[in-house]
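The data block below is start10.cif; it holds mmCIF, C-alpha atoms (C1' of nucleotides).
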data_data
#
loop_
_atom_site.label_atom_id
_atom_site.label_comp_id
_atom_site.auth_asym_id
_atom_site.auth_seq_id
_atom_site.Cartn_x
_atom_site.Cartn_y
_atom_site.Cartn_z
CA MET Z 10 185.22 136.90 116.15
CA VAL Z 11 182.06 135.24 117.21
CA THR Z 12 179.20 135.08 114.75
CA ASP Z 13 176.08 133.06 114.96
CA ASP Z 14 176.31 130.74 112.02
CA THR Z 15 173.89 128.29 113.58
CA PRO Z 16 170.83 127.94 111.37
CA ALA Z 17 167.60 128.83 113.10
CA ARG Z 18 166.14 125.77 114.74
CA VAL Z 19 162.87 127.40 115.60
CA SER Z 20 163.28 131.12 115.02
CA PRO Z 21 166.06 133.55 115.93
CA THR Z 22 164.04 135.09 118.73
CA LEU Z 23 162.73 131.87 120.21
CA ASP Z 24 166.06 130.07 119.96
CA ALA Z 25 167.45 132.58 122.45
CA ASP Z 26 164.34 132.85 124.63
CA VAL Z 27 165.05 131.21 127.97
CA SER Z 28 161.38 130.84 128.76
CA PHE Z 29 160.69 129.13 125.46
CA LEU Z 30 163.69 126.85 125.95
CA LEU Z 31 162.53 126.04 129.46
CA ALA Z 32 159.12 125.00 128.18
CA ARG Z 33 160.61 122.84 125.49
CA ALA Z 34 163.26 121.25 127.67
CA SER Z 35 160.65 120.60 130.31
CA ALA Z 36 158.32 118.89 127.84
CA ILE Z 37 161.12 116.68 126.59
CA THR Z 38 162.39 115.63 130.00
CA ALA Z 39 158.84 115.08 131.26
CA ALA Z 40 158.15 112.78 128.34
CA ALA Z 41 161.37 110.92 129.05
CA GLY Z 42 160.43 110.70 132.71
CA ASN Z 43 157.01 109.31 131.90
CA ARG Z 44 158.60 106.72 129.64
CA ALA Z 45 161.03 105.70 132.35
CA LEU Z 46 158.30 105.56 134.98
CA ALA Z 47 155.88 103.56 132.85
CA ALA Z 48 157.87 100.46 133.78
CA VAL Z 49 156.82 100.90 137.42
CA GLY Z 50 153.29 102.05 136.64
CA LEU Z 51 153.79 105.72 137.51
CA LYS Z 52 153.84 109.07 135.78
CA VAL Z 53 155.84 112.11 136.78
CA ARG Z 54 152.81 113.46 138.60
CA SER Z 55 152.15 110.38 140.70
CA TYR Z 56 155.88 109.99 141.19
CA SER Z 57 156.10 113.44 142.72
CA VAL Z 58 153.19 112.70 145.03
CA LEU Z 59 154.77 109.41 146.06
CA ALA Z 60 158.06 111.19 146.74
CA LEU Z 61 156.37 113.54 149.18
CA ALA Z 62 154.43 110.73 150.79
CA ALA Z 63 157.68 108.82 151.32
CA GLU Z 64 159.91 111.71 152.33
CA VAL Z 65 157.60 114.18 154.02
CA GLY Z 66 154.18 112.74 154.82
CA PRO Z 67 152.24 115.99 154.45
CA SER Z 68 148.54 116.74 154.50
CA GLN Z 69 146.81 116.93 151.17
CA ARG Z 70 146.65 120.67 151.52
CA GLU Z 71 150.39 120.86 152.01
CA LEU Z 72 150.85 118.44 149.12
CA ALA Z 73 148.91 120.80 146.89
CA GLU Z 74 150.95 123.78 148.00
CA ARG Z 75 154.31 122.09 147.59
CA LEU Z 76 153.47 120.75 144.14
CA ARG Z 77 151.61 123.90 143.10
CA LEU Z 78 148.55 121.90 142.22
CA ASP Z 79 144.91 122.56 142.92
CA PRO Z 80 143.74 120.60 145.98
CA SER Z 81 141.13 118.94 143.81
CA GLN Z 82 143.83 117.37 141.67
CA ILE Z 83 145.48 115.85 144.71
CA VAL Z 84 142.38 113.80 145.44
CA ALA Z 85 142.58 111.74 142.25
CA LEU Z 86 146.35 111.33 142.49
CA VAL Z 87 146.18 110.07 146.06
CA ASP Z 88 143.18 107.89 145.21
CA ALA Z 89 145.19 106.09 142.54
CA LEU Z 90 148.22 105.56 144.77
CA GLU Z 91 146.04 104.50 147.66
CA SER Z 92 144.11 101.95 145.62
CA GLY Z 93 147.46 100.48 144.60
CA GLY Z 94 148.40 100.17 148.24
CA TYR Z 95 151.32 102.59 148.00
CA VAL Z 96 150.12 105.37 150.25
CA GLU Z 97 147.54 105.74 152.95
CA ARG Z 98 145.47 108.61 154.25
CA ARG Z 99 145.60 109.01 157.98
CA GLN Z 100 143.53 111.41 159.97
CA ASP Z 101 145.73 114.07 161.48
CA PRO Z 102 145.23 113.65 165.25
CA ALA Z 103 145.75 117.36 165.79
CA ASP Z 104 143.22 118.41 163.15
CA ARG Z 105 140.48 116.06 162.15
CA ARG Z 106 139.82 118.01 158.96
CA ALA Z 107 143.26 117.23 157.62
CA ARG Z 108 144.32 113.90 156.20
CA THR Z 109 147.97 113.00 156.10
CA VAL Z 110 149.38 111.10 153.13
CA THR Z 111 152.18 108.67 153.95
CA ALA Z 112 153.82 105.92 151.95
CA THR Z 113 153.23 102.32 152.94
CA PRO Z 114 156.19 99.88 152.96
CA ALA Z 115 155.15 98.90 149.43
CA GLY Z 116 155.10 102.59 148.54
CA VAL Z 117 158.57 103.16 149.95
CA GLU Z 118 159.84 100.22 147.94
CA LEU Z 119 158.11 101.44 144.79
CA PHE Z 120 159.53 104.91 145.29
CA ALA Z 121 163.05 103.47 145.49
CA ARG Z 122 162.59 101.61 142.23
CA ALA Z 123 160.94 104.60 140.56
CA ARG Z 124 163.70 106.90 141.66
CA ALA Z 125 166.32 104.53 140.30
CA ALA Z 126 164.51 104.45 136.95
CA VAL Z 127 164.31 108.23 136.86
CA ASP Z 128 167.97 108.59 137.79
CA ASP Z 129 168.99 106.20 135.04
CA ALA Z 130 166.99 108.08 132.44
CA GLN Z 131 168.36 111.42 133.57
CA ARG Z 132 171.93 110.21 133.61
CA GLU Z 133 171.38 109.43 129.96
CA SER Z 134 169.65 112.71 129.11
CA PHE Z 135 172.15 114.84 130.98
CA ALA Z 136 175.26 112.80 130.18
CA ALA Z 137 177.03 115.57 128.31
CA ILE Z 138 176.91 118.09 131.12
CA SER Z 139 179.77 118.63 133.57
CA ASP Z 140 179.35 118.82 137.32
CA ALA Z 141 180.21 122.50 137.29
CA GLU Z 142 177.61 123.23 134.66
CA SER Z 143 175.13 121.08 136.50
CA ASP Z 144 175.56 123.13 139.66
CA VAL Z 145 175.02 126.39 137.82
CA VAL Z 146 171.96 125.05 136.07
CA ARG Z 147 170.46 123.60 139.22
CA ALA Z 148 171.00 126.81 141.13
CA PHE Z 149 169.38 128.80 138.34
CA LEU Z 150 166.41 126.48 138.11
CA GLN Z 151 165.89 126.52 141.86
CA ARG Z 152 165.97 130.29 141.89
CA ILE Z 153 163.27 130.43 139.23
CA ALA Z 154 161.26 127.42 140.37
CA TYR Z 155 161.07 128.61 143.96
CA SER Z 156 160.64 132.29 143.26
CA ASP Z 157 157.27 133.48 144.39
CA LEU Z 158 156.62 135.68 141.41
CA SER Z 159 153.28 133.96 141.14
CA MET U 30 182.19 122.38 155.70
CA VAL U 31 179.20 122.26 153.45
CA THR U 32 176.01 120.82 154.82
CA ASP U 33 172.57 121.15 153.41
CA ASP U 34 170.74 123.06 156.08
CA THR U 35 168.17 124.26 153.60
CA PRO U 36 164.76 123.04 154.66
CA ALA U 37 163.05 120.91 152.07
CA ARG U 38 160.98 123.12 149.87
CA VAL U 39 159.21 120.27 148.16
CA SER U 40 161.04 117.09 149.09
CA PRO U 41 164.75 116.22 149.24
CA THR U 42 164.57 114.16 146.07
CA LEU U 43 162.47 116.57 144.05
CA ASP U 44 164.40 119.63 145.19
CA ALA U 45 167.44 118.19 143.39
CA ASP U 46 165.61 116.72 140.41
CA VAL U 47 166.48 118.77 137.34
CA SER U 48 163.45 117.52 135.44
CA PHE U 49 161.11 118.50 138.26
CA LEU U 50 162.77 121.89 138.54
CA LEU U 51 162.50 122.38 134.80
CA ALA U 52 158.77 121.68 134.90
CA ARG U 53 158.26 124.08 137.74
CA ALA U 54 160.47 126.83 136.36
CA SER U 55 158.78 126.47 133.01
CA ALA U 56 155.31 126.76 134.50
CA ILE U 57 156.31 129.90 136.38
CA THR U 58 157.95 131.64 133.45
CA ALA U 59 155.10 130.65 131.13
CA ALA U 60 152.60 132.19 133.53
CA ALA U 61 154.72 135.34 133.68
CA GLY U 62 154.93 135.37 129.90
CA ASN U 63 151.18 135.05 129.53
CA ARG U 64 150.70 137.87 131.97
CA ALA U 65 153.11 140.08 130.05
CA LEU U 66 151.54 139.17 126.71
CA ALA U 67 147.97 139.73 127.83
CA ALA U 68 148.55 143.46 127.32
CA VAL U 69 148.96 142.86 123.58
CA GLY U 70 146.28 140.17 123.34
CA LEU U 71 148.58 137.19 122.96
CA LYS U 72 149.60 134.11 124.88
CA VAL U 73 152.95 132.37 124.76
CA ARG U 74 151.55 129.95 122.21
CA SER U 75 150.25 132.53 119.80
CA TYR U 76 153.38 134.60 120.43
CA SER U 77 155.56 131.71 119.31
CA VAL U 78 153.47 131.23 116.18
CA LEU U 79 153.65 134.96 115.43
CA ALA U 80 157.43 134.87 115.91
CA LEU U 81 157.78 132.19 113.27
CA ALA U 82 155.39 133.94 110.93
CA ALA U 83 157.44 137.13 111.27
CA GLU U 84 160.91 135.61 111.20
CA VAL U 85 160.57 132.49 109.09
CA GLY U 86 157.30 132.29 107.18
CA PRO U 87 156.98 128.52 107.23
CA SER U 88 154.24 126.20 106.11
CA GLN U 89 151.82 125.03 108.77
CA ARG U 90 153.47 121.66 108.69
CA GLU U 91 156.85 123.19 109.38
CA LEU U 92 155.30 125.36 112.07
CA ALA U 93 154.04 122.24 113.80
CA GLU U 94 157.43 120.57 113.60
CA ARG U 95 159.38 123.57 114.84
CA LEU U 96 157.03 124.15 117.76
CA ARG U 97 156.55 120.44 118.45
CA LEU U 98 152.81 120.80 118.21
CA ASP U 99 150.25 118.63 116.52
CA PRO U 100 149.31 120.04 113.08
CA SER U 101 145.71 120.21 114.23
CA GLN U 102 146.64 122.68 116.95
CA ILE U 103 148.27 124.97 114.42
CA VAL U 104 144.96 125.46 112.65
CA ALA U 105 143.26 127.18 115.56
CA LEU U 106 146.34 129.23 116.44
CA VAL U 107 146.71 130.53 112.88
CA ASP U 108 142.95 131.07 112.62
CA ALA U 109 143.03 133.39 115.60
CA LEU U 110 146.02 135.37 114.37
CA GLU U 111 144.60 135.54 110.88
CA SER U 112 141.21 136.82 112.04
CA GLY U 113 143.08 139.55 113.90
CA GLY U 114 144.85 140.51 110.70
CA TYR U 115 148.31 139.65 112.01
CA VAL U 116 149.21 136.75 109.73
CA GLU U 117 148.00 135.48 106.41
CA ARG U 118 147.93 132.06 104.78
CA ARG U 119 149.37 131.98 101.29
CA GLN U 120 149.27 129.05 98.99
CA ASP U 121 152.75 127.71 98.44
CA PRO U 122 153.30 128.07 94.67
CA ALA U 123 155.56 125.02 94.66
CA ASP U 124 153.09 122.77 96.50
CA ARG U 125 149.43 123.58 96.39
CA ARG U 126 148.74 121.40 99.40
CA ALA U 127 150.90 123.57 101.62
CA ARG U 128 149.92 126.94 103.02
CA THR U 129 152.55 129.36 104.12
CA VAL U 130 152.01 131.51 107.21
CA THR U 131 153.53 134.98 107.09
CA ALA U 132 153.10 138.04 109.26
CA THR U 133 151.30 141.06 107.86
CA PRO U 134 152.71 144.54 108.55
CA ALA U 135 150.33 144.72 111.51
CA GLY U 136 151.66 141.34 112.64
CA VAL U 137 155.27 142.48 112.39
CA GLU U 138 154.42 145.53 114.44
CA LEU U 139 152.54 143.45 117.02
CA PHE U 140 155.43 141.04 117.25
CA ALA U 141 157.82 143.89 117.98
CA ARG U 142 155.61 145.12 120.82
CA ALA U 143 155.05 141.60 122.14
CA ARG U 144 158.74 140.86 122.09
CA ALA U 145 159.46 144.04 123.99
CA ALA U 146 156.89 143.08 126.62
CA VAL U 147 158.37 139.60 126.94
CA ASP U 148 161.89 140.97 127.19
CA ASP U 149 160.87 143.36 129.93
CA ALA U 150 159.23 140.62 131.94
CA GLN U 151 162.21 138.32 131.54
CA ARG U 152 164.69 140.99 132.49
CA GLU U 153 162.78 141.17 135.73
CA SER U 154 162.50 137.42 136.25
CA PHE U 155 166.12 136.73 135.40
CA ALA U 156 167.58 139.87 136.94
CA ALA U 157 169.72 138.03 139.47
CA ILE U 158 171.61 135.94 136.96
CA SER U 159 175.00 136.92 135.58
CA ASP U 160 175.93 136.83 131.91
CA ALA U 161 178.26 133.90 132.49
CA GLU U 162 175.56 131.92 134.23
CA SER U 163 173.10 132.88 131.55
CA ASP U 164 175.36 131.48 128.84
CA VAL U 165 175.77 128.18 130.67
CA VAL U 166 172.05 127.92 131.30
CA ARG U 167 171.11 128.78 127.75
CA ALA U 168 173.58 126.28 126.34
CA PHE U 169 172.25 123.59 128.65
CA LEU U 170 168.63 124.32 127.79
CA GLN U 171 169.36 124.35 124.08
CA ARG U 172 171.12 121.01 124.34
CA ILE U 173 168.09 119.49 126.06
CA ALA U 174 165.42 121.37 124.15
CA TYR U 175 166.88 120.51 120.77
CA SER U 176 167.93 116.97 121.55
CA ASP U 177 165.86 114.61 119.49
CA LEU U 178 165.47 112.01 122.19
CA SER U 179 161.80 112.09 121.31
"C1'" DG H 15 127.78 129.77 171.45
"C1'" DT H 16 127.97 131.83 167.05
"C1'" DC H 17 130.24 132.67 163.08
"C1'" DA H 18 134.13 133.01 159.94
"C1'" DA H 19 137.91 130.24 158.11
"C1'" DC H 20 139.84 125.95 156.59
"C1'" DA H 21 140.44 120.75 154.78
"C1'" DA H 22 138.94 117.44 151.62
"C1'" DT H 23 135.87 116.35 148.11
"C1'" DT H 24 132.78 116.72 144.10
"C1'" DG H 25 131.38 118.62 139.90
"C1'" DA H 26 131.52 121.87 136.04
"C1'" DC H 27 134.03 124.05 132.52
"C1'" DA H 28 137.91 125.65 129.56
"C1'" DT H 29 142.34 124.43 127.68
"C1'" DT H 30 145.50 121.32 125.89
"C1'" DC H 31 147.19 116.70 124.01
"C1'" DT H 32 146.80 112.89 121.06
"C1'" DC H 33 144.92 110.39 117.60
"C1'" DA H 34 142.12 108.91 113.61
"C1'" DA H 35 139.92 110.16 109.46
"C1'" DC H 36 139.01 112.89 105.24
"C1'" DG H 37 139.58 115.67 100.69
"C1'" DA H 38 142.94 117.69 97.89
"C1'" DT H 39 147.42 117.38 96.04
"C1'" DT H 40 151.95 115.44 95.19
"C1'" DA H 41 155.48 111.76 94.76
"C1'" DC H 42 156.64 107.16 93.77
"C1'" DT H 43 156.59 102.79 91.09
"C1'" DG H 44 156.12 99.86 87.63
"C1'" DC P 20 151.38 107.11 81.74
"C1'" DA P 21 148.37 104.86 85.33
"C1'" DG P 22 147.77 103.79 89.76
"C1'" DT P 23 149.01 103.74 94.34
"C1'" DA P 24 151.20 105.56 98.43
"C1'" DA P 25 152.40 109.54 101.00
"C1'" DT P 26 151.71 114.41 102.42
"C1'" DC P 27 149.14 118.89 103.82
"C1'" DG P 28 145.56 121.13 106.04
"C1'" DT P 29 141.44 120.37 108.43
"C1'" DT P 30 137.79 118.43 111.41
"C1'" DG P 31 136.28 115.89 115.21
"C1'" DA P 32 136.58 112.79 119.26
"C1'" DG P 33 138.43 111.40 123.73
"C1'" DA P 34 141.78 111.70 127.42
"C1'" DA P 35 144.48 114.52 130.47
"C1'" DT P 36 145.11 118.84 132.83
"C1'" DG P 37 144.01 123.53 134.87
"C1'" DT P 38 140.84 126.43 137.21
"C1'" DC P 39 137.08 127.52 139.88
"C1'" DA P 40 132.69 127.31 142.70
"C1'" DA P 41 129.96 124.74 146.05
"C1'" DT P 42 129.43 121.34 149.90
"C1'" DT P 43 130.37 118.88 154.26
"C1'" DG P 44 132.76 118.38 158.36
"C1'" DT P 45 135.86 120.56 161.56
"C1'" DT P 46 138.47 124.26 163.79
"C1'" DG P 47 139.44 128.77 165.72
"C1'" DA P 48 138.10 133.51 167.03
"C1'" DC P 49 135.20 136.59 169.23
#
Now, as a test, write the supplied structure out as C-alpha cells.
Amino acid sequence: MVTDDTPARVSPTLDADVSFLLARASAITAAAGNRALAAVGLKVRSYSVLALAAEVGPSQRELAERLRLDPSQIVALVDALESGGYVERRQDPADRRARTVTATPAGVELFARARAAVDDAQRESFAAISDAESDVVRAFLQRIAYSDLS
Amino acid sequence: MVTDDTPARVSPTLDADVSFLLARASAITAAAGNRALAAVGLKVRSYSVLALAAEVGPSQRELAERLRLDPSQIVALVDALESGGYVERRQDPADRRARTVTATPAGVELFARARAAVDDAQRESFAAISDAESDVVRAFLQRIAYSDLS
DNA sequence: GTCAACAATTGACATTCTCAACGATTACTG
DNA sequence: CAGTAATCGTTGAGAATGTCAATTGTTGAC
C-alpha cells in the first residue's frame, strides 16, 4: 500500500504541481549556475549569449528569437560581451541591417572555461540521478521548452 | 545507429543543458499558468499564496520560507488577496508579532476554481507524457526543487 | 520609385529581486 | 528581573528583468 506520509513541504497541491516545481527547480539551478559562472565573470544570461556566439554566430534578431528575449535586451548583453572582447558584431554582407554576433578567440576560450564550470556545478547538482532518468527528464523538458504554446 | 540529426534549436550546448531547459520550460508553463489564472483574477504568485492560505494557514514568515520569497514580497501579495476578501490576517495568539494568513470561505472557493483552471491547462500542456514519465519527472523536480543547495 | 516591412537601438514603464532599516514583540543571558 | 539580542511584519530604495512603443537605416514588394 502506498500512502503519502511525506509532510507537506510547501502545500499538498503545490508539492505535486509540475509547473510550480519547474519554477522552483529552475530558480535553484539558475542561482547555482550564476554562482559557478561568477568565477569567469558571466551570468547564465551572458553565458547563453556567448554559447550562441561561439556555436552559431547568429544575428541579434535570431539571438533574440532563440533565447526568447526581447531584441532590446540583446543589445545590452552583446554590449557587455563585446566590451570585454569576447564577441564582435559584424555587418551581415547579405543584409546591411543585420549584425552578426560571433565569438572572438578570447570568447571561444572563455566559453570553454565557462562551460566546464557549469558542467562541474551540474554534475554536483544532478549527481543522484541515473542516466535513464536523465534521458526521460531531458526529453520531457525539451518537449515543454520547445513547444510553441506561446 | 543513433546520430543527432536534429537541427540545433538554440545551440548544441544549450539544447542539452538541463538548467537552461528548466528555465525555458518554467517560463513557458508559468506564462500558461498566468493565462489560465487570469480568468479568476490571479497570477501564479498569488495562486501559490492562496494555496498555502487554504491548505496550511501559515504565518507570513513561514509563507516566505515555503515559497522562497522575501518577506517584503509577501506583504503586497497578502494585501491584494486580503482586499479581495479571499484571505485574512489573524494575530497568532502564541506570538503577537506573527500574523497568520488563512483563506476565507470565498478564498477556499476561489482556490478550488483556480486549481481547476490550472489543472485543465496543465492537462493540455503535459498531455503527451505518460504516467511513468510523469513520476520520474516529478521525482526529479522535487529532488532539485527541495534540495537546500541554496 | 514609392511604400510597407524589418534590424538594431533607445527610452519609458511595470514587475520582480534583494537588501537595509524600523517599531513592536519575544527570547536569551546573566 | 533587567537588559540585550533576535524575530515578525512592514516600508522604502536600488538593481535586474520584462514588455512595449518609437526611431533610424536598410530591404523587399508592387
With all atoms listed in the file as the counted atoms, please give the residues lying no more than 10 Å from segment 22-35 of chain H, apart from itself and same-chain residues fewer than 4 positions off, as number ranges by chain.
Z: 69-70, 80-81, 83-84, 106-108; U: 98-99, 102; P: 30-44
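Distance check against chain P using only C-alpha atoms (C1' of nucleotides): of U:Ala54, U:Ala93, U:Ile173, U:Ala82, the minimum falls on U:Ala93.
Reported to one decimal place, the separation of atom CA of Pro36 of chain U from atom C1' of DA19 of chain H is 28.0 Å.
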Check which residues satisfy the PyMOL selection byres ((chain Z) within 8 of (chain U)) in the file shown, then give them as a PyMOL selection string.
chain Z and resi 18-25+27-28+30-42+57+60-61+64-65+75-76+134-135+138+142+145-147+149-151+153-155+158-159
Using only C-alpha atoms (C1' of nucleotides), the residue out of U:Arg142, U:Arg64, U:Arg152, U:Arg118 with shortest distance to chain P is U:Arg118
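The interatomic distance for the pair atom CA of Ala130 of chain Z and atom CA of Ala112 of chain Z works out to 23.6 Å.
Each of Z:Asp104, Z:Val117, Z:Arg99, Z:Thr111 was checked against chain H using all atoms listed in the file; the smallest atom-to-atom distance is that of Z:Asp104.
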Residues picked by the PyMOL selection byres ((chain H and resi 17) around 10) here, as a list in words?
DG15, DT16, DA18 and DA19 of chain H; DA48 and DC49 of chain P
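Across the model, the gap from atom CA of Glu117 of chain U to atom CA of Pro134 of chain U is 10.4 Å.
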Hey, what's within 10 Å of DG44 of chain H if we count only C-alpha atoms (C1' of nucleotides) and toss same-chain stuff fewer than 2 positions away? As number ranges by chain, please?
H: 42; P: 21-22
Residues of chain P near chain U: apply a cut-off of 8 Å, count only C-alpha atoms (C1' of nucleotides), and supply the list as a list of chain:residue names.
P:DC27, P:DG28, P:DT29
Tell me the residues of chain H close to chain U, meaning within 8 Å using all atoms listed in the file, as a list in words.
DA38, DT39 and DT40 of chain H
When the PyMOL selection byres ((chain P and resi 25) around 8) is applied to the file above, which residues end up in the set, as a list in words?
DA41 of chain H; DA24 and DT26 of chain P
What would the file look like if the residues just selected were written as a PDB file, keeping the file's coordinate frame with C-alpha atoms (C1' of nucleotides)?
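Result file is out-v3.pdb:
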ATOM      1  C1'  DA H  41     155.480 111.760  94.760  1.00  0.00           C
TER       2       DA H  41
ATOM      3  C1'  DA P  24     151.200 105.560  98.430  1.00  0.00           C
ATOM      4  C1'  DT P  26     151.710 114.410 102.420  1.00  0.00           C
TER       5       DT P  26
END
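Near Ala135 of chain U, within a cut-off of 9 Å and counting all atoms listed in the file, sit the residues Gly114, Tyr115 and Val116 of chain U, with same-chain residues fewer than 6 positions away left out.
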